[in-house]
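What follows is the content of model26.cif, which has mmCIF, C-alpha atoms and all ligand atoms:
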data_input
#
loop_
_atom_site.label_atom_id
_atom_site.label_comp_id
_atom_site.auth_asym_id
_atom_site.auth_seq_id
_atom_site.Cartn_x
_atom_site.Cartn_y
_atom_site.Cartn_z
CA MET A 1 175.93 -39.55 123.13
CA LYS A 2 175.92 -41.78 120.09
CA LEU A 3 178.17 -40.65 117.26
CA ALA A 4 176.07 -40.99 114.14
CA PHE A 5 176.87 -38.12 111.81
CA ILE A 6 180.38 -36.81 111.08
CA THR A 7 181.13 -34.12 108.50
CA ILE A 8 184.39 -32.98 106.92
CA GLU A 9 184.71 -29.39 105.73
CA GLY A 10 187.33 -27.11 104.23
CA VAL A 11 188.35 -25.00 101.27
CA GLU A 12 189.11 -26.44 97.82
CA SER A 13 191.69 -29.23 97.91
CA SER A 14 192.16 -29.00 101.66
CA GLY A 15 192.14 -32.81 101.77
CA LYS A 16 188.50 -33.50 102.69
CA SER A 17 187.99 -36.50 100.41
CA ILE A 18 191.20 -38.26 101.36
CA GLN A 19 190.58 -37.67 105.07
CA ALA A 20 186.95 -38.82 104.83
CA LYS A 21 188.08 -42.02 103.09
CA LEU A 22 190.82 -42.75 105.67
CA LEU A 23 188.40 -42.04 108.50
CA THR A 24 185.82 -44.42 107.04
CA ASP A 25 188.48 -47.15 106.72
CA TRP A 26 189.44 -46.69 110.36
CA LEU A 27 185.84 -46.82 111.58
CA LYS A 28 185.41 -50.09 109.65
CA GLU A 29 188.62 -51.52 111.14
CA ASN A 30 187.15 -50.73 114.55
CA GLY A 31 184.05 -52.79 113.89
CA LEU A 32 181.78 -49.85 113.21
CA ASN A 33 179.50 -49.51 110.24
CA PRO A 34 180.28 -46.25 108.41
CA LEU A 35 178.80 -44.85 105.24
CA LEU A 36 180.95 -42.46 103.22
CA THR A 37 178.96 -39.93 101.26
CA ILE A 38 179.44 -36.55 99.57
CA GLU A 39 177.83 -33.19 98.84
CA PRO A 40 176.99 -32.12 96.28
CA GLY A 41 176.24 -35.38 94.49
CA GLY A 42 175.33 -37.93 97.17
CA THR A 43 172.26 -39.11 95.26
CA PRO A 44 171.61 -39.78 91.53
CA PHE A 45 169.59 -36.54 91.38
CA GLY A 46 172.40 -34.77 93.22
CA LYS A 47 174.96 -36.01 90.72
CA THR A 48 173.14 -34.05 88.01
CA ILE A 49 173.12 -30.99 90.26
CA ARG A 50 176.83 -31.46 90.95
CA LYS A 51 177.56 -31.36 87.22
CA LEU A 52 175.59 -28.13 86.86
CA LEU A 53 177.42 -26.59 89.80
CA LEU A 54 180.95 -27.60 88.88
CA ASN A 55 180.94 -27.54 85.08
CA GLY A 56 178.50 -24.69 84.51
CA THR A 57 179.48 -21.27 83.39
CA ASN A 58 178.17 -18.23 85.20
CA ILE A 59 175.39 -19.01 87.71
CA ASP A 60 173.58 -16.40 89.79
CA PRO A 61 174.50 -16.80 93.50
CA ILE A 62 170.87 -17.33 94.51
CA THR A 63 170.37 -19.94 91.79
CA GLU A 64 173.52 -21.64 93.02
CA PHE A 65 172.32 -21.47 96.64
CA PHE A 66 169.03 -23.20 95.79
CA LEU A 67 170.83 -25.91 93.83
CA TYR A 68 172.92 -26.74 96.90
CA LEU A 69 169.80 -26.82 99.07
CA SER A 70 168.03 -29.13 96.60
CA ASP A 71 171.02 -31.44 96.56
CA ARG A 72 171.11 -31.46 100.36
CA LYS A 73 167.40 -32.14 100.84
CA GLU A 74 167.57 -35.20 98.56
CA HIS A 75 170.76 -36.34 100.29
CA ILE A 76 169.18 -36.12 103.74
CA ILE A 77 165.98 -37.94 102.76
CA LYS A 78 167.45 -40.61 100.49
CA VAL A 79 170.86 -41.31 102.04
CA ILE A 80 171.65 -39.75 105.42
CA LEU A 81 168.47 -40.55 107.37
CA PRO A 82 168.05 -44.11 106.02
CA ALA A 83 171.69 -44.89 106.89
CA MET A 84 171.31 -43.48 110.39
CA GLU A 85 168.15 -45.50 110.90
CA LYS A 86 170.16 -48.63 110.07
CA GLY A 87 172.64 -47.68 112.80
CA LYS A 88 175.39 -46.57 110.42
CA ILE A 89 177.82 -43.76 111.12
CA VAL A 90 177.47 -41.30 108.25
CA VAL A 91 180.68 -39.56 107.14
CA SER A 92 179.82 -36.73 104.77
CA ASP A 93 182.43 -35.01 102.62
CA ARG A 94 180.89 -31.50 103.00
CA TYR A 95 177.49 -30.60 104.49
CA TYR A 96 175.72 -27.43 105.51
CA ASP A 97 178.72 -25.51 106.89
CA SER A 98 179.91 -25.38 103.27
CA THR A 99 176.88 -23.28 102.36
CA PHE A 100 177.54 -20.79 105.16
CA ALA A 101 181.19 -20.56 104.05
CA TYR A 102 180.73 -20.41 100.26
CA GLN A 103 177.31 -18.83 99.71
CA GLY A 104 177.53 -16.71 102.87
CA GLY A 105 181.22 -15.80 103.11
CA GLY A 106 182.21 -16.34 99.49
CA ARG A 107 179.19 -14.94 97.64
CA GLY A 108 177.93 -12.56 100.31
CA ILE A 109 174.39 -13.90 100.68
CA ASP A 110 172.81 -12.70 103.92
CA LYS A 111 173.57 -15.12 106.73
CA LYS A 112 170.19 -14.80 108.47
CA TRP A 113 168.44 -15.56 105.23
CA ILE A 114 170.65 -18.62 104.62
CA GLU A 115 169.99 -19.74 108.17
CA SER A 116 166.22 -19.59 107.94
CA LEU A 117 166.07 -21.59 104.69
CA MET A 118 168.74 -23.97 105.93
CA ASN A 119 166.78 -24.75 109.10
CA TYR A 120 163.83 -25.57 106.93
CA VAL A 121 165.93 -27.99 104.83
CA VAL A 122 168.05 -29.74 107.48
CA GLN A 123 165.66 -29.55 110.46
CA ASN A 124 167.20 -31.74 113.16
CA VAL A 125 169.79 -33.43 110.94
CA ILE A 126 172.82 -31.70 112.45
CA PRO A 127 176.31 -33.27 112.52
CA ASP A 128 177.48 -34.61 115.88
CA ILE A 129 180.99 -33.52 115.04
CA THR A 130 182.58 -31.59 112.16
CA PHE A 131 186.24 -31.53 111.21
CA LEU A 132 187.21 -28.29 109.53
CA ILE A 133 190.49 -28.86 107.70
CA ASP A 134 191.92 -25.38 107.87
CA ILE A 135 194.61 -24.39 105.40
CA SER A 136 195.57 -21.32 103.42
CA PRO A 137 193.87 -21.56 100.02
CA GLU A 138 197.12 -20.44 98.38
CA ILE A 139 198.66 -23.72 99.51
CA SER A 140 195.68 -26.01 98.92
CA LEU A 141 194.82 -24.65 95.46
CA SER A 142 198.40 -25.02 94.30
CA ARG A 143 197.75 -28.80 94.50
CA ILE A 144 195.18 -28.69 91.67
CA LYS A 145 195.84 -28.70 87.95
CA GLY A 146 192.53 -29.00 86.03
CA LYS A 147 190.27 -26.63 87.98
CA ASP A 148 186.43 -26.70 88.07
CA ARG A 149 184.14 -23.63 88.17
CA ILE A 150 184.48 -23.06 91.92
CA GLU A 151 188.19 -23.78 92.04
CA LYS A 152 188.70 -21.16 89.33
CA GLU A 153 187.29 -18.39 91.56
CA GLU A 154 189.68 -15.58 92.47
CA MET A 155 191.91 -16.01 95.54
CA ALA A 156 189.93 -13.36 97.47
CA PHE A 157 186.85 -15.60 97.17
CA HIS A 158 188.69 -18.59 98.66
CA LYS A 159 190.05 -16.41 101.46
CA ARG A 160 186.53 -15.24 102.34
CA VAL A 161 185.41 -18.88 102.38
CA ARG A 162 188.19 -19.82 104.77
CA GLU A 163 187.41 -16.89 107.08
CA ALA A 164 183.68 -17.71 107.08
CA TYR A 165 184.47 -21.31 108.01
CA LEU A 166 186.64 -20.14 110.92
CA LYS A 167 183.94 -17.74 112.05
CA ARG A 168 181.43 -20.56 112.02
CA ALA A 169 183.84 -22.71 114.04
CA ARG A 170 183.95 -19.96 116.66
CA GLU A 171 180.15 -19.92 116.75
CA PHE A 172 179.93 -23.69 117.27
CA PRO A 173 183.06 -24.55 119.26
CA ASP A 174 181.63 -27.78 120.67
CA ARG A 175 180.71 -29.23 117.29
CA ILE A 176 183.34 -27.88 114.91
CA ARG A 177 186.95 -28.98 115.44
CA VAL A 178 189.48 -26.89 113.56
CA ILE A 179 192.22 -29.16 112.22
CA ASN A 180 195.51 -27.73 111.02
CA GLY A 181 195.57 -28.80 107.36
CA ALA A 182 199.12 -27.66 106.65
CA ARG A 183 200.55 -31.01 107.67
CA THR A 184 200.95 -34.44 106.10
CA ILE A 185 197.89 -36.53 105.27
CA ARG A 186 198.91 -38.98 108.01
CA GLU A 187 199.31 -36.30 110.70
CA ILE A 188 195.92 -34.81 109.90
CA GLN A 189 194.26 -38.23 109.99
CA ASP A 190 195.86 -39.09 113.34
CA ASP A 191 194.57 -35.81 114.75
CA ILE A 192 191.03 -36.60 113.57
CA ARG A 193 191.17 -40.14 114.95
CA ASN A 194 192.48 -38.95 118.32
CA GLN A 195 189.66 -36.45 118.65
CA LEU A 196 187.13 -39.15 117.84
CA LYS A 197 188.70 -41.58 120.30
CA GLU A 198 188.22 -38.97 123.00
CA ARG A 199 184.65 -38.56 121.96
CA LEU A 200 183.92 -42.28 121.83
CA VAL A 201 185.37 -42.74 125.32
CA HIS A 202 183.74 -39.80 127.08
CA LYS A 203 180.23 -39.76 125.64
N1 LIG B 301 197.96 -32.91 103.72
C1 LIG B 301 198.23 -32.93 102.42
N2 LIG B 301 199.44 -32.62 101.95
C2 LIG B 301 199.71 -32.64 100.64
N3 LIG B 301 198.83 -32.96 99.67
C3 LIG B 301 197.59 -33.29 100.06
C4 LIG B 301 197.21 -33.28 101.45
N4 LIG B 301 195.91 -33.65 101.54
C5 LIG B 301 195.50 -33.85 100.28
N5 LIG B 301 196.49 -33.66 99.39
C6 LIG B 301 196.41 -33.77 97.92
O1 LIG B 301 195.65 -32.66 97.48
C7 LIG B 301 194.72 -33.06 96.48
C8 LIG B 301 193.30 -32.77 96.95
O2 LIG B 301 192.96 -33.65 98.02
P1 LIG B 301 191.44 -34.03 98.26
O3 LIG B 301 191.36 -35.00 99.38
O4 LIG B 301 190.82 -34.45 96.96
O5 LIG B 301 190.86 -32.59 98.70
P2 LIG B 301 189.37 -32.06 98.69
O6 LIG B 301 188.46 -33.25 98.74
O7 LIG B 301 189.30 -31.20 99.91
O8 LIG B 301 189.22 -31.27 97.45
C9 LIG B 301 194.98 -34.54 96.22
O9 LIG B 301 195.85 -34.64 95.13
C10 LIG B 301 195.63 -35.00 97.50
O10 LIG B 301 196.44 -36.11 97.32
MG MG B 302 186.95 -33.77 97.40
#
Write the structure described by the file as structure tokens, please.
Ligand SMILES: Nc1ncnc2c1ncn2[C@@H]1O[C@H](COP(=O)(O)OP(=O)(O)O)[C@@H](O)[C@H]1O
Ligand SMILES: [Mg+2]
Amino acid sequence: MKLAFITIEGVESSGKSIQAKLLTDWLKENGLNPLLTIEPGGTPFGKTIRKLLLNGTNIDPITEFFLYLSDRKEHIIKVILPAMEKGKIVVSDRYYDSTFAYQGGGRGIDKKWIESLMNYVVQNVIPDITFLIDISPEISLSRIKGKDRIEKEEMAFHKRVREAYLKRAREFPDRIRVINGARTIREIQDDIRNQLKERLVHK
């Protein structure tokens, strides 16, 4: 199977962005053609949504949910699908598992309801492989100084997010690889690369 869409997931400051960047560099070094992108904010429209989501004050959970879906729809249509059509490997720093973890686990929105709307938004644009950087939010959040709206949530929220991610990983064991995030940046990256090597050889 062709590897065309890779996503990186995890709680706040788990190391998603740094790992996504290092992974993209490695894919380039190996003669592949990756595109590094991010949610929310992978399109100009999405950048405005990102500001609303991260800088805003209190937002109703359903309002927040729809903002993420709007960001994602634009991202799929304007960035992800065109890149895949050009034969690129898309590396996305967050994608739809984030919504199940944050809006489902974190905010308590009904999972079935999220699922039905999510299917409508993503359709067949499902990651081939997802790396869930798993780490205790107590550790990862201690890395941040100036916190945004989500990062400022109470610790119980972040713990629910982590648990919901792990639950999702158990539901999709073939797609979602749980990566121990309580290690050095280098060790985590080597783990990700080794798992992809396996995948590139066997499929
Ligand atoms: N494995 C790690 N060990 C220690 N610090 C890390 C690790 N991974 C990332 N960091 C640091 O934590 C902060 C958040 O990393 P980042 O990649 O931006 O996380 P995210 O994108 O998940 O929020 C950065 O300052 C980064 O250098
Ligand atoms: Mg980041």
Quiz item: Which residues come within 9 Å of Phe100 of chain A, counting all atoms listed in the file, excluding same-chain residues fewer than 3 positions away, as a list in words?
Solution: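 Returned residues: Tyr96, Asp97, Gln103, Gly104, Gly105, Gly106, Ile109, Lys111, Ile114, Glu115, Val161, Ala164, Tyr165 and Arg168 of chain A.
Residues of protein or nucleic acid lying within 10 Å of ligand MG 302 (chain B), counting all atoms listed in the file, are Ile8, Glu9, Gly10, Val11, Glu12, Ser13, Ser14, Gly15, Lys16, Ser17, Ile18, Gln19, Ala20, Ile38, Glu39, Asp93 and Arg94 of chain A.
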Quiz item: Could you list as a VMD selection string every residue that has an atom within 9 Å of (171.1, -28.6, 95.1), using the file's coordinates and counting only C-alpha atoms?
Solution: chain A and resid 39 to 41 45 to 46 49 to 50 53 64 to 74
Practice problem: Using atom CA of Ile59 of chain A and atom CA of Pro44 of chain A as the two end points, give the distance in Å to one decimal. | Solution: 21.5 Å
Quiz prompt | Atom-to-atom span, atom CA of Asp134 of chain A and atom CA of Ile179 of chain A, Å | solution = 5.8 Å
Listing only residues of segment 13-111 of chain A within 7 Å of segment 141-152 of chain A, what is the closest atom pair and its distance in Å (to one decimal) for each, using all atoms listed in the file, sorted by chain and residue number ascending, as CSV?
residue,atom,partner,partner_atom,distance
A:Ser13,CA,A:Leu141,CA,6.1
A:Leu54,CA,A:Arg149,CA,5.1
A:Asn55,CA,A:Arg149,CA,5.9
A:Gly56,CA,A:Arg149,CA,6.8
